[in-house]
Amino acid sequence: MGQTFPVHLCSPGRGLTSEPQLESARWVEHINGAYASLYTSFIVHVNRVGYEDGLNFWGGSTGL
């Protein structure tokens with residue numbers, strides 16, 4: 001049976017494009033999906049949200 005891996009990130013938002021999602025958010029979700037498949041485990045991801053020292057943290061969460 002697979003394990004569950006909690007992931008907490010402090011990832012600033014990067015890659016503003018015409019897409020509805022930041023490029024950094026898409027990248028994190030893609031990597032989480034790859035690890036979930038590789039380890040045949042569940043991934044629970046949360047990212048901080050808000051502004052600090054001029055950085056925008058994009059928030060968001062994923063359960064795979």
# chains A, B, ... in the order shown; residues from 1 in each chain; ligands from 1

$ select_by_dssp --residues "chain A" --states "strand (DSSP E or B)" --output "ChimeraX atom specification"
/A:4-9,12,42-47,49-52,55-58,61-63

$ select_by_dssp --residues "chain A" --states "alpha helix (DSSP H)" --output "ChimeraX atom specification"
/A:23-39

$ residues_around --residues "region 7-24 of chain A" --least-positions-apart "5" --cutoff "6 Å" --atoms "only C-alpha atoms" --output "ChimeraX atom specification"
/A:44-48,56-58

$ write_last_selection --atoms "N, CA and C atoms" --output "mmCIF file, in the first residue's frame"
data_model
loop_
_atom_site.group_PDB
_atom_site.id
_atom_site.type_symbol
_atom_site.label_atom_id
_atom_site.label_comp_id
_atom_site.auth_asym_id
_atom_site.auth_seq_id
_atom_site.Cartn_x
_atom_site.Cartn_y
_atom_site.Cartn_z
ATOM 1 N N VAL A 44 0.384 15.177 -0.776
ATOM 2 C CA VAL A 44 -0.439 16.287 -0.290
ATOM 3 C C VAL A 44 0.476 17.501 -0.226
ATOM 4 N N HIS A 45 0.137 18.535 -0.978
ATOM 5 C CA HIS A 45 1.000 19.711 -1.122
ATOM 6 C C HIS A 45 0.240 20.962 -0.718
ATOM 7 N N VAL A 46 0.879 21.818 0.070
ATOM 8 C CA VAL A 46 0.344 23.148 0.388
ATOM 9 C C VAL A 46 1.468 24.167 0.220
ATOM 10 N N ASN A 47 1.112 25.342 -0.239
ATOM 11 C CA ASN A 47 2.078 26.421 -0.426
ATOM 12 C C ASN A 47 1.602 27.633 0.347
ATOM 13 N N ARG A 48 2.537 28.390 0.863
ATOM 14 C CA ARG A 48 2.145 29.599 1.595
ATOM 15 C C ARG A 48 1.539 30.610 0.632
ATOM 16 N N ASN A 56 5.616 37.567 -3.967
ATOM 17 C CA ASN A 56 4.244 37.094 -3.971
ATOM 18 C C ASN A 56 4.262 35.573 -3.896
ATOM 19 N N PHE A 57 3.713 34.991 -2.826
ATOM 20 C CA PHE A 57 3.606 33.555 -2.696
ATOM 21 C C PHE A 57 2.222 33.142 -3.203
ATOM 22 N N TRP A 58 2.195 32.250 -4.173
ATOM 23 C CA TRP A 58 0.988 31.987 -4.947
ATOM 24 C C TRP A 58 -0.051 31.137 -4.247
#

$ closest_residue --among "A:Val49, A:Leu55, A:Ala25, A:Leu64" --to "Thr4 (chain A)" --atoms "only C-alpha atoms"
A:Leu64
